[in-house]
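File shown here: upload.cif, holding mmCIF, C-alpha atoms.
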data_query
loop_
_atom_site.label_atom_id
_atom_site.label_comp_id
_atom_site.auth_asym_id
_atom_site.auth_seq_id
_atom_site.Cartn_x
_atom_site.Cartn_y
_atom_site.Cartn_z
CA MET A 1 89.00 74.55 82.36
CA THR A 2 86.09 72.83 84.06
CA GLN A 3 82.52 73.73 83.22
CA ALA A 4 82.02 74.88 86.82
CA LYS A 5 84.50 77.72 86.28
CA LEU A 6 82.46 78.93 83.33
CA GLU A 7 79.59 79.67 85.70
CA VAL A 8 79.45 83.33 86.71
CA LEU A 9 79.49 84.21 90.38
CA THR A 10 76.02 84.64 91.85
CA PRO A 11 74.74 85.39 95.36
CA GLN A 12 73.54 81.79 95.50
CA ASN A 13 76.70 79.93 94.46
CA SER A 14 79.53 81.70 96.26
CA GLN A 15 80.97 82.38 99.68
CA LEU A 16 83.74 84.73 100.83
CA ILE A 17 86.71 84.52 103.19
CA PHE A 18 88.86 87.39 104.47
CA ILE A 19 92.30 86.23 105.60
CA ASP A 20 94.49 88.30 107.93
CA HIS A 21 93.45 91.85 107.09
CA GLN A 22 95.40 92.98 110.15
CA PRO A 23 97.65 96.02 110.64
CA GLN A 24 100.97 94.22 111.05
CA MET A 25 100.29 92.27 107.87
CA ALA A 26 99.27 95.45 106.05
CA PHE A 27 102.48 97.21 107.18
CA GLY A 28 104.46 94.75 105.07
CA VAL A 29 102.41 95.21 101.90
CA GLN A 30 104.30 96.89 99.06
CA SER A 31 102.37 95.62 96.01
CA ILE A 32 99.46 98.05 96.33
CA ASP A 33 98.83 101.33 98.09
CA ARG A 34 97.67 100.31 101.55
CA GLN A 35 94.82 102.80 101.73
CA VAL A 36 93.57 101.56 98.36
CA LEU A 37 93.88 98.02 99.70
CA LYS A 38 91.71 98.87 102.70
CA ASN A 39 89.18 100.70 100.52
CA ASN A 40 88.87 97.70 98.21
CA THR A 41 88.62 95.25 101.09
CA VAL A 42 85.84 97.18 102.81
CA GLY A 43 84.06 97.68 99.49
CA LEU A 44 84.15 93.92 98.93
CA ALA A 45 82.82 93.33 102.44
CA LYS A 46 79.92 95.73 101.90
CA ALA A 47 79.14 93.98 98.63
CA ALA A 48 79.00 90.64 100.44
CA LYS A 49 76.68 92.15 103.03
CA ALA A 50 74.40 93.62 100.36
CA PHE A 51 74.01 90.24 98.65
CA ASN A 52 73.87 88.14 101.84
CA ILE A 53 77.01 86.23 100.90
CA PRO A 54 78.19 83.82 103.64
CA THR A 55 81.42 85.37 104.90
CA THR A 56 84.25 84.06 107.05
CA ILE A 57 86.81 86.32 108.73
CA THR A 58 89.98 84.71 110.01
CA THR A 59 93.09 86.12 111.68
CA VAL A 60 96.53 84.91 112.73
CA GLU A 61 98.25 85.61 116.06
CA SER A 62 96.26 88.81 116.67
CA GLN A 63 97.51 89.56 120.17
CA SER A 64 101.11 88.41 119.74
CA PHE A 65 102.09 90.47 116.70
CA SER A 66 99.49 90.89 113.92
CA GLY A 67 96.94 93.14 115.60
CA TYR A 68 93.20 93.19 115.14
CA THR A 69 91.25 93.10 111.87
CA TYR A 70 90.49 96.46 110.25
CA PRO A 71 87.65 97.95 112.34
CA GLU A 72 85.97 99.14 109.13
CA LEU A 73 85.81 95.53 107.96
CA LEU A 74 84.51 94.19 111.28
CA ASP A 75 81.81 96.87 111.42
CA VAL A 76 80.31 95.56 108.18
CA PHE A 77 79.51 92.31 109.99
CA PRO A 78 78.55 93.32 113.55
CA GLY A 79 78.49 90.49 116.04
CA GLN A 80 80.26 88.02 113.78
CA ALA A 81 82.98 85.92 115.39
CA VAL A 82 86.51 86.13 114.01
CA LEU A 83 88.30 82.79 113.64
CA GLU A 84 91.76 83.02 115.20
CA ARG A 85 94.61 80.76 114.03
CA THR A 86 98.25 79.96 114.65
CA SER A 87 99.02 78.58 111.19
CA MET A 88 99.81 80.84 108.25
CA ASN A 89 97.67 78.47 106.18
CA SER A 90 94.02 78.94 107.11
CA TRP A 91 93.23 75.46 105.82
CA ASP A 92 95.20 74.04 108.78
CA ASP A 93 92.56 75.32 111.22
CA GLN A 94 89.52 73.09 111.64
CA LYS A 95 87.24 76.01 112.50
CA VAL A 96 87.92 77.52 109.09
CA ARG A 97 87.27 74.24 107.30
CA ASP A 98 84.03 73.77 109.23
CA ALA A 99 82.86 77.33 108.46
CA LEU A 100 83.43 76.86 104.74
CA ALA A 101 81.77 73.45 104.70
CA ALA A 102 78.73 74.74 106.60
CA ASN A 103 78.03 77.25 103.82
CA GLN A 104 77.73 74.42 101.28
CA ARG A 105 79.12 76.49 98.40
CA LYS A 106 82.12 75.37 96.38
CA LYS A 107 83.00 78.76 94.90
CA VAL A 108 85.17 80.47 97.52
CA ILE A 109 86.13 84.10 96.96
CA VAL A 110 89.36 84.94 98.79
CA ALA A 111 90.92 88.23 99.88
CA GLY A 112 93.87 88.30 102.22
CA LEU A 113 97.38 89.20 103.28
CA TRP A 114 99.92 88.23 102.16
CA THR A 115 99.23 86.96 98.66
CA GLU A 116 102.41 84.88 98.49
CA VAL A 117 101.92 83.15 101.84
CA CYS A 118 98.49 83.00 103.47
CA ASN A 119 96.49 83.31 100.26
CA THR A 120 98.53 80.87 98.21
CA THR A 121 98.80 78.12 100.79
CA PHE A 122 95.10 78.31 101.59
CA ALA A 123 94.09 78.32 97.94
CA LEU A 124 96.21 75.32 96.98
CA SER A 125 95.18 73.31 100.05
CA ALA A 126 91.47 74.10 99.73
CA MET A 127 91.52 73.08 96.08
CA LEU A 128 93.50 69.89 96.68
CA GLU A 129 91.88 68.66 99.87
CA GLY A 130 88.49 70.38 99.88
CA ASP A 131 87.66 70.34 96.17
CA TYR A 132 86.82 74.05 96.29
CA GLU A 133 86.98 76.51 93.40
CA ILE A 134 89.03 79.54 94.42
CA TYR A 135 88.45 83.07 93.13
CA MET A 136 91.33 85.29 94.29
CA VAL A 137 90.53 88.99 94.66
CA ALA A 138 93.81 90.48 93.48
CA ASP A 139 93.15 94.09 94.49
CA ALA A 140 91.84 93.25 97.97
CA SER A 141 95.01 91.25 98.64
CA GLY A 142 98.61 92.34 98.90
CA GLY A 143 102.15 91.01 98.93
CA THR A 144 105.46 92.14 100.36
CA SER A 145 106.51 93.34 96.89
CA LYS A 146 104.83 93.67 93.52
CA GLU A 147 106.92 90.76 92.31
CA ALA A 148 105.88 88.62 95.29
CA HIS A 149 102.21 89.38 94.66
CA ASP A 150 102.45 88.87 90.90
CA MET A 151 104.39 85.60 91.12
CA ALA A 152 101.95 84.26 93.71
CA MET A 153 99.01 85.15 91.49
CA GLN A 154 100.69 83.44 88.54
CA ARG A 155 101.40 80.33 90.59
CA MET A 156 97.78 80.15 91.74
CA VAL A 157 96.39 80.76 88.26
CA GLN A 158 98.57 77.94 86.92
CA ALA A 159 97.05 75.71 89.60
CA GLY A 160 93.50 76.66 88.57
CA VAL A 161 92.67 79.68 90.74
CA VAL A 162 90.49 82.29 89.03
CA PRO A 163 91.81 85.88 89.41
CA VAL A 164 89.21 88.61 89.98
CA THR A 165 88.95 92.15 91.32
CA TRP A 166 86.61 93.40 94.03
CA GLN A 167 84.45 95.55 91.75
CA GLN A 168 84.22 92.72 89.23
CA VAL A 169 82.80 90.52 91.99
CA LEU A 170 80.32 93.22 93.04
CA LEU A 171 78.99 93.72 89.52
CA GLU A 172 78.95 90.01 88.75
CA TRP A 173 76.72 89.49 91.77
CA GLN A 174 74.44 92.34 90.62
CA ARG A 175 74.48 91.19 86.98
CA ASP A 176 71.37 93.10 85.91
CA TRP A 177 70.40 96.65 86.87
CA ALA A 178 66.79 95.47 86.79
CA HIS A 179 67.52 93.65 90.07
CA ARG A 180 66.09 96.52 92.09
CA ASP A 181 66.34 94.78 95.47
CA THR A 182 70.11 95.33 95.49
CA TYR A 183 70.39 98.29 93.11
CA ASP A 184 70.49 101.03 95.76
CA ALA A 185 72.98 99.15 97.94
CA VAL A 186 75.29 98.58 94.98
CA MET A 187 75.09 102.25 93.98
CA ALA A 188 75.92 103.27 97.54
CA ILE A 189 79.00 101.03 97.55
CA VAL A 190 80.08 102.31 94.15
CA LYS A 191 79.79 105.95 95.21
CA GLU A 192 81.84 105.39 98.35
CA HIS A 193 84.49 102.91 97.16
CA SER A 194 84.75 102.92 93.34
CA GLY A 195 86.80 106.07 92.80
CA ALA A 196 86.18 107.79 89.48
CA TYR A 197 83.29 105.45 88.67
CA GLY A 198 81.60 106.49 91.91
CA MET A 199 82.25 110.16 91.20
CA GLY A 200 80.64 109.69 87.81
CA VAL A 201 77.56 108.16 89.40
CA ASP A 202 77.33 111.10 91.82
CA TYR A 203 77.65 113.51 88.89
CA ALA A 204 74.96 111.77 86.87
CA TYR A 205 72.57 111.60 89.81
CA THR A 206 72.92 115.25 90.81
CA MET A 207 73.52 117.04 87.49
CA VAL A 208 71.41 114.92 85.15
CA HIS A 209 68.73 113.44 87.37
CA LYS A 210 68.72 116.40 89.79
CA ALA A 211 69.00 114.16 92.86
CA PRO A 212 70.07 115.82 96.13
CA GLN A 213 73.78 115.88 96.84
CA ARG A 214 75.20 112.96 98.82
CA THR A 215 76.17 114.96 101.89
CA GLN A 216 75.13 114.18 105.44
CA GLN A 217 73.65 117.63 105.81
CA ALA A 218 72.59 120.41 103.48
CA TYR A 219 74.95 123.30 102.90
CA LYS A 220 74.65 126.71 101.35
CA ALA A 221 76.62 127.83 98.31
CA ILE A 222 77.25 131.57 98.04
CA GLU A 223 77.06 132.98 94.51
CA PRO A 224 80.21 134.51 92.99
CA VAL A 225 80.74 138.25 93.42
CA PRO A 226 83.28 139.83 91.03
CA ALA A 227 85.84 141.92 92.89
CA GLN A 228 85.83 145.65 92.19
CA ARG A 229 88.67 146.88 90.03
#

Represent the structure of the file as structure tokens.
Amino acid sequence: MTQAKLEVLTPQNSQLIFIDHQPQMAFGVQSIDRQVLKNNTVGLAKAAKAFNIPTTITTVESQSFSGYTYPELLDVFPGQAVLERTSMNSWDDQKVRDALAANQRKKVIVAGLWTEVCNTTFALSAMLEGDYEIYMVADASGGTSKEAHDMAMQRMVQAGVVPVTWQQVLLEWQRDWAHRDTYDAVMAIVKEHSGAYGMGVDYAYTMVHKAPQRTQQAYKAIEPVPAQR
């Protein structure tokens, strides 16, 4: 393992690419619950936004069969252009190469569909020809079967790709809860996208610290009244 891979991910040393988070691609995913996949993908996107991580979004054959990128993902980056391709391998498109090069960061975090095709070919090509380090977000990616996803992850790991999960990336970027400039944004992402962890944060805030409930508007709770017997 190279010394570079021993460096933790920071907001200053990494960039992110989303590959083909499109409905037709998601329809074929069987390795992970598709709603969980979308939740994790959007959570990762919000994390990138909170830490000002340079982010590329690329799609394949949107109008012919794949459909448009998740609107929830696009809304995290309003006004950002999506890089359309014909090749399943994003590395084959010069726009994608140029976008990555312009960010001047060798640690590339990748989330995409499908793991065994678009993710794998991009990862291997970017490592071989672009000398990039690839960090594959396993739970914001999906394959056509669990076996397809798992075998693709194993193949990439054998080639030197670093496997990660979306929440791992979020917390690695945060690193220290004393970093108050991103603390509130991270807590907001956790509460909305981190399942039981987020529920625990809500509980601690409201029951222990007596913070107001995280509802868009106040509501009234009516006290219990025992029924007459």

Just say which residues the PyMOL selection byres ((chain A and resi 48) around 10) picks in this file, as number ranges by chain. A: 11, 14-16, 42-47, 49-55, 76-77, 169-170, 173

Please identify every residue of stretch 127-223 of chain A that has at least one atom no farther than 9 Å from an atom of stretch 30-35 of chain A, counting only C-alpha atoms, and for each give the shortest atom pair and the distance in Å to one decimal, arranged by chain then increasing number, as CSV.
residue,atom,partner,partner_atom,distance
A:Asp139,CA,A:Ile32,CA,7.7
A:Ser141,CA,A:Ile32,CA,8.4
A:Gly142,CA,A:Ser31,CA,5.8
A:Gly143,CA,A:Ser31,CA,5.5
A:Thr144,CA,A:Gln30,CA,5.1
A:Ser145,CA,A:Gln30,CA,4.7
A:Lys146,CA,A:Ser31,CA,4.0
A:Glu147,CA,A:Ser31,CA,7.6
A:Ala148,CA,A:Ser31,CA,7.9
A:His149,CA,A:Ser31,CA,6.4
A:Asp150,CA,A:Ser31,CA,8.5

Calculate how many Å separate atom CA of A:Asp93 from atom CA of A:Lys106, rounding to one decimal.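 Here the two named atoms are 18.1 Å from each other.
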
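For the choices A:Pro23, A:Gly28, A:Gly79, A:Gly112, the atom-to-atom distance to A:Thr41 is smallest for A:Gly112 when using all atoms listed in the file.
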
Write out as a ChimeraX atom specification each polymer residue whose atoms come within 10 Å of stretch 154-167 of chain A, counting all atoms listed in the file; drop sequence neighbours fewer than 5 positions from it. /A:1-2,5,40-45,47,109-111,115-116,119-121,123-124,127-128,132-141,148-149,172-173,189-190,193-194

Just want the 9 Å neighbourhood of stretch 58-60 of chain A, counted on all atoms listed in the file, with same-chain residues fewer than 5 positions away dropped. Output as number ranges by chain. A: 17-22, 65-69, 81-88, 90, 96

Separation of atom CA of A:Lys220 from atom CA of A:Ala185 in Å: 27.8 Å

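Atom to atom, atom CA of A:Gln12 and atom CA of A:Asp176 stand 15.0 Å apart.
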
Under the rule that only C-alpha atoms are counted, which of A:Arg214, A:Ala102, A:Lys107, A:Val208 is the nearest residue to A:Ala188? A:Arg214

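Shortest separation to A:Asn39 among A:Leu73, A:Gln80, A:Gln63, A:Ala152 occurs at residue A:Leu73, atoms counted being all atoms listed in the file.
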
Which neighbours of A:Asp202 fall inside 9 Å, counting only C-alpha atoms, when residues of the same chain fewer than 6 positions from it are skipped, and could you give them as number ranges by chain? A: 191, 211, 213-214

Would you compute the box with edges along x, y and z of the file around stretch 5-17 of chain A, including every atom the file lists for it and 5 Å extra on each side, and give its centre and edge lengths in Å to one decimal, as JSON?
{"center_x": 80.1, "center_y": 81.6, "center_z": 93.3, "size_x": 23.2, "size_y": 17.7, "size_z": 29.9}
